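Engineer: Right, I'll just put the structure down here and ask away after.
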Amino acid sequence: MAGRIRVLPLDRDDSRRYLPWIVAVMVYLAAMTLAGAMATAGMALRWQTGLTGALTVQLQPAAGTPANDARIEAVLSILRADAAVASAEPVDEEKMLGFIQPWLGREGLTLDLPLPRLIDVRLRDRASVDLGDLAARLEAAAPGTTVDDHARWLTGILKLARVIRFIAFGTVALIAAAAITVLVFATRAALAVHKDSIALLHIMGARNRFIADEFQGAALAQGFRGGMIGLLTALATLVALGSAGLNADIGILPQATLTPLQWLVLAALPPAAGAVALITARLTVLRVLAQLV
Amino acid sequence: MVRFENVGLRYGLGPEVLRDLTFELESGAFHFLVGPSGAGKSSLLQLLYLARRPTRGLITLFDRAVLKVPRRELPALRQRIGVVFQDFRLFDHLSAFDNVALPLRLKGAKEPEIRKHVSELLTWVELGDHLDALPPTLSGGQKQRVAIARAVIARPRLLLADEPTGNVDDRIAVRLLHLFVDLHKMGTTVVIATHNLELVSRFRYPELRLENGEIKQFRPSAQRDARPGIEAAARRV
């Protein structure tokens with residue numbers, strides 16, 4: 001259709017003049033929703049990857065028990081003797097203090113603080129561990145020892161990520177439905193505005209497909225233009241959010257970033273908006289014209 | 001070419017605006033459709049160019065019963081009909097060239113072919129210098145010639161004109177009618193609706209007279225008025 005003469009001046013219609021801006025708002029909302037959902041999903045995945053195949057052994061400080069270092073050595077020797085364990089390293093006390101600094105402040109931190117000692121345990125690939133047995137053996141060697149396989153955290157986080165993804169896709173579907181409804185009404189309004197010209201085209205022997213081409217061409221251009229405006233605004237917002245520090249390293253959470261594939265998904269929004277506009281306009285026009293003589 | 005049998009037309013639940021029309025137009029005929037305002041001339045033309053379907057009766061066009069033609073085949077039928085409207089109905093945002101080219105584009109003609117034929121035809125109607133002009137910048141007579149060029153560019157077998165001389169002075173009206181006569185001589189069936197009886201009297205073609213939605217007079221082509229010299233006299237105007 002390149003270079004085709006547009007018989008109906010649809011771009012100049014009041015009924016369609018604001019269509020690109022409406023599409024822009026829809027695409028902006030869709031882009032922000034998708035970016036949020038994809039970043040959350042990616043964050044959850046990275047957290048899951050980081051925690052799967054790992055255990056955390058915690059030694060509570062307790063009065064009347066042997067010195068911490070001796071208890072740690074006892075626990076480490078049991079762990080390192082286990083065939084399923086690839087490595088077992090105590091977490092540095094400075095690092096431990098760093099974890100709680102955001103809550104207690106620098107002034108409240110001293111090395112005398114009775115903090116539990118943590119041991120970061122990495123399991124071998126596809127190795128299985130009987131947590132109950134391991135916990136019992138560690139408890140026997142060093143009372144007050146607990147083993148955490150992060151399942152409780154992972155289950156909750158993955159569930160939250162799934163819910164966020166579901167809500168995001170539902171929101172995008174609602175945005176698309178709203179956009180389609182607006183497009184249908186705008187197309188019907190344009191059909192009413194140009195009814196005399198359309199009647200003339202019919203008299204001259206124009207097929208409904210020719211008239212639908214007129215509308216779908218204009219809808220594609222307006223949908224794509226609106227989509228680009230919406231996407232660029234969304235990208236500016238995401239950059240601003242990043243600059244504002246919302247993407248900073250919080251410590252406990254992985255960074256919320258998008259993969260190249262996820263950026264491609266966002267980049268596909270303007271063509272998708274154009275395609276939705278095109279298909280909606282075409283189907284609406286053909287349906288309305290089929291009812292005419 | 002065209003056959004009407006007991007054709008009636010009403011708009012909605014209103015009274016019949018056309019009643020019991022029965023006539024036949026032969027291929028290559030030239031008829032004036034005359035009658036007072038409100039007689040039903042425009043309604044009859046609308047039936048002829050398939051903008052409406054009759055509420056009763058049978059219309060046969062190009063040997064096909066119109067009511068039995070499937071909708072998907074109507075465009076092909078309509079492409080064989082050229083229509084000149086009283087109010088021109090040009091697309092104001094399209095140039096004279098693109099307005100005239102439209103019927104060819106609807107038929108899927110190639111652009112080089114379109115450029116050649118449209119330029120030739122617009123030159124023929126003395127608008128060769130106005131190919132790129134937009135209709136709002138043209139005079140009434142020029143617009144009428146663009147409208148006529150658009151109606152004939154695709155070589156229709158049936159040419160219908162609704163008051164084609166209604167917006168122009170007598171001199172241009174006669175010139176425009178000669179355009180129709182030339183097309184008729186090339187084999188096109190022509191029907192011109194007009195209330196300009198003086199103009200009709202200058203040409204020796206039969207009349208189809210409508211009054212109150214009924215045919216009051218019909219002379220087939222074989223009985224054409226043979227007043228010698230009238231057309232020649234008209235040509236001298």
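Following the order of the structure tokens, chains are lettered A, B, ..., residues in each are numbered from 1, and ligands are numbered from 1.
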Find the residues in chain B near chain A: any atom within 12 Å counts, using only C-alpha atoms. Write them as a ChimeraX atom specification.

Structural biologist: /B:45-54,66-67,69-85,88-95,97-108,111,147,150-154,156,159-160

Engineer: Can you list, as a ChimeraX atom specification, every protein, DNA or RNA residue that comes within 8 Å of A:Gly144 when you count only C-alpha atoms, leaving out same-chain residues fewer than 2 positions away?

Structural biologist: /A:59-62,139,142,146

Engineer: Got time to write the residues from that selection, N, CA, C and O atoms, as a PDB file, in the first residue's frame?

Structural biologist:
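What follows is the written file again.pdb:
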```
ATOM      1  N   LEU A  59      23.954 -20.529  64.102  1.00  0.00           N
ATOM      2  CA  LEU A  59      24.309 -20.901  65.473  1.00  0.00           C
ATOM      3  C   LEU A  59      23.905 -19.760  66.395  1.00  0.00           C
ATOM      4  O   LEU A  59      24.447 -18.654  66.284  1.00  0.00           O
ATOM      5  N   GLN A  60      22.952 -20.082  67.280  1.00  0.00           N
ATOM      6  CA  GLN A  60      22.495 -19.046  68.213  1.00  0.00           C
ATOM      7  C   GLN A  60      23.524 -18.893  69.343  1.00  0.00           C
ATOM      8  O   GLN A  60      24.025 -19.893  69.863  1.00  0.00           O
ATOM      9  N   PRO A  61      23.852 -17.659  69.733  1.00  0.00           N
ATOM     10  CA  PRO A  61      24.716 -17.475  70.887  1.00  0.00           C
ATOM     11  C   PRO A  61      23.962 -17.898  72.143  1.00  0.00           C
ATOM     12  O   PRO A  61      22.809 -17.518  72.311  1.00  0.00           O
ATOM     13  N   ALA A  62      24.562 -18.745  72.908  1.00  0.00           N
ATOM     14  CA  ALA A  62      23.872 -19.219  74.125  1.00  0.00           C
ATOM     15  C   ALA A  62      24.866 -19.292  75.272  1.00  0.00           C
ATOM     16  O   ALA A  62      26.023 -19.679  75.096  1.00  0.00           O
ATOM     17  N   GLU A 139      22.769 -30.302  65.696  1.00  0.00           N
ATOM     18  CA  GLU A 139      22.254 -29.938  67.023  1.00  0.00           C
ATOM     19  C   GLU A 139      22.992 -30.722  68.108  1.00  0.00           C
ATOM     20  O   GLU A 139      23.307 -30.178  69.180  1.00  0.00           O
ATOM     21  N   ALA A 142      26.479 -29.151  68.239  1.00  0.00           N
ATOM     22  CA  ALA A 142      26.479 -27.772  68.743  1.00  0.00           C
ATOM     23  C   ALA A 142      25.045 -27.372  69.013  1.00  0.00           C
ATOM     24  O   ALA A 142      24.335 -26.946  68.090  1.00  0.00           O
ATOM     25  N   THR A 146      20.514 -24.346  63.942  1.00  0.00           N
ATOM     26  CA  THR A 146      19.356 -24.603  63.065  1.00  0.00           C
ATOM     27  C   THR A 146      19.816 -24.591  61.614  1.00  0.00           C
ATOM     28  O   THR A 146      20.821 -23.951  61.272  1.00  0.00           O
TER      29      THR A 146
END
```

Engineer: With DSSP run on the backbone, what are the alpha helix (DSSP H) residues within stretch 10-234 of chain B? I'd like them as a ChimeraX atom specification.

Structural biologist: /B:41-48,74-78,96-106,111-124,140-152,170-185,197-202,230-234

Engineer: Work out how far atom CA of A:Arg16 is from atom CA of A:Gly226, in Å to one decimal.

Structural biologist: 11.8 Å

Engineer: Fewer than 5 positions away in the same chain doesn't count, so skip those; otherwise give me all residues within 9 Å of A:Thr284, counting only C-alpha atoms, as a list in words.

Structural biologist: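 Surrounding residues, per the criterion: Val184, Thr187, Arg188, Ala212, Ile279 and Leu289 of chain A.
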
Engineer: Near B:Val125, counting only C-alpha atoms, which residues have an atom at most 9 Å away, once you skip same-chain residues fewer than 4 positions from it, shown as a compact mmCIF listing (two decimals) with N, CA, C and O atoms, in the first residue's frame?

Structural biologist:
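Ended up saving to selection-v2.txt:
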```txt
# COMPACT_ATOMS: atom_id res chain seq x y z
N GLU B 120 -4.83 12.43 -20.65
CA GLU B 120 -5.47 12.61 -21.96
C GLU B 120 -6.90 13.11 -21.81
O GLU B 120 -7.33 14.04 -22.49
N LEU B 121 -7.63 12.48 -20.89
CA LEU B 121 -9.05 12.83 -20.75
C LEU B 121 -9.22 14.24 -20.21
O LEU B 121 -10.07 15.01 -20.67
N GLN B 142 -15.66 23.94 -14.43
CA GLN B 142 -14.47 23.07 -14.37
C GLN B 142 -14.73 21.86 -13.49
O GLN B 142 -14.34 20.74 -13.83
N ARG B 145 -16.75 19.40 -15.35
CA ARG B 145 -15.97 18.63 -16.33
C ARG B 145 -15.10 17.57 -15.66
O ARG B 145 -14.91 16.48 -16.20
N VAL B 146 -14.59 17.90 -14.48
CA VAL B 146 -13.83 16.88 -13.72
C VAL B 146 -14.77 15.72 -13.37
O VAL B 146 -14.42 14.55 -13.50
N ILE B 148 -17.46 14.81 -14.91
CA ILE B 148 -17.78 14.04 -16.12
C ILE B 148 -16.60 13.15 -16.51
O ILE B 148 -16.77 11.97 -16.83
N ALA B 149 -15.41 13.72 -16.43
CA ALA B 149 -14.21 12.92 -16.75
C ALA B 149 -14.12 11.71 -15.82
O ALA B 149 -13.79 10.60 -16.25
N LEU B 176 -21.06 20.75 -22.52
CA LEU B 176 -21.06 19.52 -21.73
C LEU B 176 -21.94 18.46 -22.39
O LEU B 176 -21.59 17.28 -22.44
N LEU B 179 -20.23 16.67 -24.96
CA LEU B 179 -19.36 15.61 -24.43
C LEU B 179 -20.13 14.30 -24.31
O LEU B 179 -19.64 13.24 -24.70
```

Engineer: Determine, counting only C-alpha atoms, which protein, DNA and RNA residues have an atom within 9 Å of an atom of stretch 156-159 of chain A; residues of the same chain fewer than 6 positions away are not included. Present the result as a PyMOL selection string.

Structural biologist: chain A and resi 41+44-45+47-48

Engineer: Please save all heavy atoms of the selected residues as a short mmCIF file (atom, residue, chain, number, x, y, z; two decimals), in the first residue's frame.

Structural biologist:
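Contents of again37.cif, freshly written:
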```cif
data_model
loop_
_atom_site.label_atom_id
_atom_site.label_comp_id
_atom_site.auth_asym_id
_atom_site.auth_seq_id
_atom_site.Cartn_x
_atom_site.Cartn_y
_atom_site.Cartn_z
N ALA A 41 9.62 -10.44 38.11
CA ALA A 41 9.83 -11.85 37.79
C ALA A 41 11.32 -12.17 37.70
O ALA A 41 11.78 -13.20 38.20
CB ALA A 41 9.13 -12.19 36.48
N ALA A 44 12.81 -12.25 41.18
CA ALA A 44 12.45 -13.49 41.87
C ALA A 44 13.28 -14.66 41.35
O ALA A 44 13.73 -15.52 42.10
CB ALA A 44 10.96 -13.76 41.71
N LEU A 45 13.46 -14.66 40.02
CA LEU A 45 14.23 -15.75 39.41
C LEU A 45 15.68 -15.73 39.89
O LEU A 45 16.26 -16.77 40.21
CB LEU A 45 14.18 -15.63 37.88
CG LEU A 45 14.88 -16.74 37.10
CD1 LEU A 45 14.17 -18.06 37.31
CD2 LEU A 45 14.95 -16.41 35.61
N TRP A 47 16.78 -14.44 42.64
CA TRP A 47 16.80 -14.80 44.06
C TRP A 47 16.71 -16.33 44.21
O TRP A 47 17.42 -16.95 44.98
CB TRP A 47 15.63 -14.11 44.79
CG TRP A 47 15.90 -13.91 46.24
CD1 TRP A 47 16.95 -14.43 46.95
CD2 TRP A 47 15.12 -13.17 47.15
NE1 TRP A 47 16.88 -14.04 48.25
CE2 TRP A 47 15.75 -13.26 48.41
CE3 TRP A 47 13.95 -12.42 47.05
CZ2 TRP A 47 15.25 -12.65 49.55
CZ3 TRP A 47 13.45 -11.80 48.18
CH2 TRP A 47 14.11 -11.91 49.42
N GLN A 48 15.77 -16.89 43.38
CA GLN A 48 15.60 -18.35 43.43
C GLN A 48 16.89 -19.05 43.02
O GLN A 48 17.34 -20.00 43.65
CB GLN A 48 14.47 -18.76 42.48
CG GLN A 48 14.19 -20.25 42.50
CD GLN A 48 13.20 -20.66 41.43
OE1 GLN A 48 12.91 -19.90 40.52
NE2 GLN A 48 12.68 -21.86 41.57
#
```

Engineer: With a distance cut-off of 8 Å and only C-alpha atoms, select the neighbouring residues of B:Gln217, excluding the residue or stretch itself and same-chain residues fewer than 6 positions from it, and output the selection as a list in words.

Structural biologist: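 With the cut-off at 8 Å, the set is Glu207, Leu208, Arg209 and Leu210 of chain B.
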
Engineer: From the DSSP assignment of the backbone, select every residue of stretch 88-211 of chain A that is strand (DSSP E), and format the answer as a ChimeraX atom specification.

Structural biologist: /A:88-90,117-123,145-148

Engineer: For the residues in the current selection, export C-alpha atoms as a PDB file, in the first residue's frame.

Structural biologist:
```
ATOM      1  CA  ALA A  88      30.666 -24.579  53.871  1.00  0.00           C
ATOM      2  CA  GLU A  89      31.995 -21.162  54.823  1.00  0.00           C
ATOM      3  CA  PRO A  90      31.198 -19.057  57.893  1.00  0.00           C
ATOM      4  CA  ARG A 117      26.822 -16.955  63.462  1.00  0.00           C
ATOM      5  CA  LEU A 118      25.869 -17.977  59.964  1.00  0.00           C
ATOM      6  CA  ILE A 119      27.459 -20.621  57.772  1.00  0.00           C
ATOM      7  CA  ASP A 120      26.831 -20.428  54.050  1.00  0.00           C
ATOM      8  CA  VAL A 121      26.521 -23.955  52.673  1.00  0.00           C
ATOM      9  CA  ARG A 122      26.617 -24.740  48.932  1.00  0.00           C
ATOM     10  CA  LEU A 123      25.387 -28.148  47.835  1.00  0.00           C
ATOM     11  CA  THR A 145      22.075 -24.867  65.687  1.00  0.00           C
ATOM     12  CA  THR A 146      19.356 -24.603  63.065  1.00  0.00           C
ATOM     13  CA  VAL A 147      19.354 -25.347  59.319  1.00  0.00           C
ATOM     14  CA  ASP A 148      17.426 -23.196  56.853  1.00  0.00           C
TER      15      ASP A 148
END
```

Engineer: If you count only C-alpha atoms, which residues fall within 10 Å of A:Met228, apart from same-chain ones fewer than 3 positions away, as a list in words?

Structural biologist: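 Final neighbour list, sorted by chain and number: Pro20, Val23, Ala24, Val27, Tyr28, Gln222, Gly223, Phe224, Arg225, Leu231, Leu232, Thr233, Ala234, Ala267, Ala268, Leu269, Pro270, Pro271, Ala273 and Gly274 of chain A.
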
Engineer: Just N, CA and C atoms for this one: save the residues we selected as an mmCIF file, in the first residue's frame.

Structural biologist:
```
data_model
loop_
_atom_site.group_PDB
_atom_site.id
_atom_site.type_symbol
_atom_site.label_atom_id
_atom_site.label_comp_id
_atom_site.auth_asym_id
_atom_site.auth_seq_id
_atom_site.Cartn_x
_atom_site.Cartn_y
_atom_site.Cartn_z
ATOM 1 N N PRO A 20 -4.144 8.878 18.491
ATOM 2 C CA PRO A 20 -2.750 8.557 18.853
ATOM 3 C C PRO A 20 -2.462 8.829 20.329
ATOM 4 N N VAL A 23 -3.988 6.059 22.392
ATOM 5 C CA VAL A 23 -3.130 4.867 22.249
ATOM 6 C C VAL A 23 -1.841 5.061 23.047
ATOM 7 N N ALA A 24 -1.308 6.289 23.018
ATOM 8 C CA ALA A 24 -0.066 6.573 23.755
ATOM 9 C C ALA A 24 -0.247 6.304 25.249
ATOM 10 N N VAL A 27 -0.452 2.511 25.790
ATOM 11 C CA VAL A 27 0.844 1.852 25.636
ATOM 12 C C VAL A 27 1.753 2.209 26.816
ATOM 13 N N TYR A 28 1.663 3.451 27.278
ATOM 14 C CA TYR A 28 2.463 3.855 28.444
ATOM 15 C C TYR A 28 2.108 2.973 29.645
ATOM 16 N N GLN A 222 -1.766 5.691 12.969
ATOM 17 C CA GLN A 222 -2.087 6.375 14.225
ATOM 18 C C GLN A 222 -1.743 5.500 15.431
ATOM 19 N N GLY A 223 -2.012 4.203 15.321
ATOM 20 C CA GLY A 223 -1.706 3.287 16.420
ATOM 21 C C GLY A 223 -0.209 3.210 16.673
ATOM 22 N N PHE A 224 0.564 3.130 15.579
ATOM 23 C CA PHE A 224 2.029 3.036 15.736
ATOM 24 C C PHE A 224 2.589 4.334 16.313
ATOM 25 N N ARG A 225 2.063 5.469 15.783
ATOM 26 C CA ARG A 225 2.546 6.775 16.262
ATOM 27 C C ARG A 225 2.251 6.917 17.758
ATOM 28 N N LEU A 231 5.598 4.525 24.374
ATOM 29 C CA LEU A 231 6.795 3.766 24.751
ATOM 30 C C LEU A 231 7.933 4.703 25.172
ATOM 31 N N LEU A 232 8.134 5.766 24.387
ATOM 32 C CA LEU A 232 9.224 6.688 24.721
ATOM 33 C C LEU A 232 8.974 7.349 26.082
ATOM 34 N N THR A 233 7.709 7.675 26.354
ATOM 35 C CA THR A 233 7.389 8.259 27.657
ATOM 36 C C THR A 233 7.651 7.248 28.773
ATOM 37 N N ALA A 234 7.292 5.995 28.521
ATOM 38 C CA ALA A 234 7.521 4.949 29.527
ATOM 39 C C ALA A 234 9.023 4.749 29.765
ATOM 40 N N ALA A 267 9.825 -2.986 23.301
ATOM 41 C CA ALA A 267 9.973 -2.344 21.985
ATOM 42 C C ALA A 267 8.905 -2.823 21.012
ATOM 43 N N ALA A 268 8.340 -4.007 21.284
ATOM 44 C CA ALA A 268 7.309 -4.547 20.387
ATOM 45 C C ALA A 268 5.946 -3.908 20.624
ATOM 46 N N LEU A 269 5.822 -3.096 21.676
ATOM 47 C CA LEU A 269 4.507 -2.521 21.981
ATOM 48 C C LEU A 269 3.976 -1.599 20.873
ATOM 49 N N PRO A 270 4.788 -0.669 20.325
ATOM 50 C CA PRO A 270 4.237 0.184 19.253
ATOM 51 C C PRO A 270 3.768 -0.610 18.026
ATOM 52 N N PRO A 271 4.582 -1.560 17.496
ATOM 53 C CA PRO A 271 4.046 -2.356 16.386
ATOM 54 C C PRO A 271 2.786 -3.128 16.788
ATOM 55 N N ALA A 273 0.595 -2.173 19.013
ATOM 56 C CA ALA A 273 -0.514 -1.205 19.058
ATOM 57 C C ALA A 273 -1.007 -0.912 17.647
ATOM 58 N N GLY A 274 -0.055 -0.761 16.707
ATOM 59 C CA GLY A 274 -0.446 -0.531 15.310
ATOM 60 C C GLY A 274 -1.230 -1.710 14.760
#
```

Engineer: Which distance in Å separates atom CA of A:Arg17 and atom CA of A:Ala236, to one decimal?

Structural biologist: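 Interatomic distance, atom CA of A:Arg17 to atom CA of A:Ala236: 24.5 Å.
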
Engineer: Can you tell me how far atom CA of A:Ala176 sits from atom CA of A:Gln216, in Å to one decimal?

Structural biologist: 17.4 Å
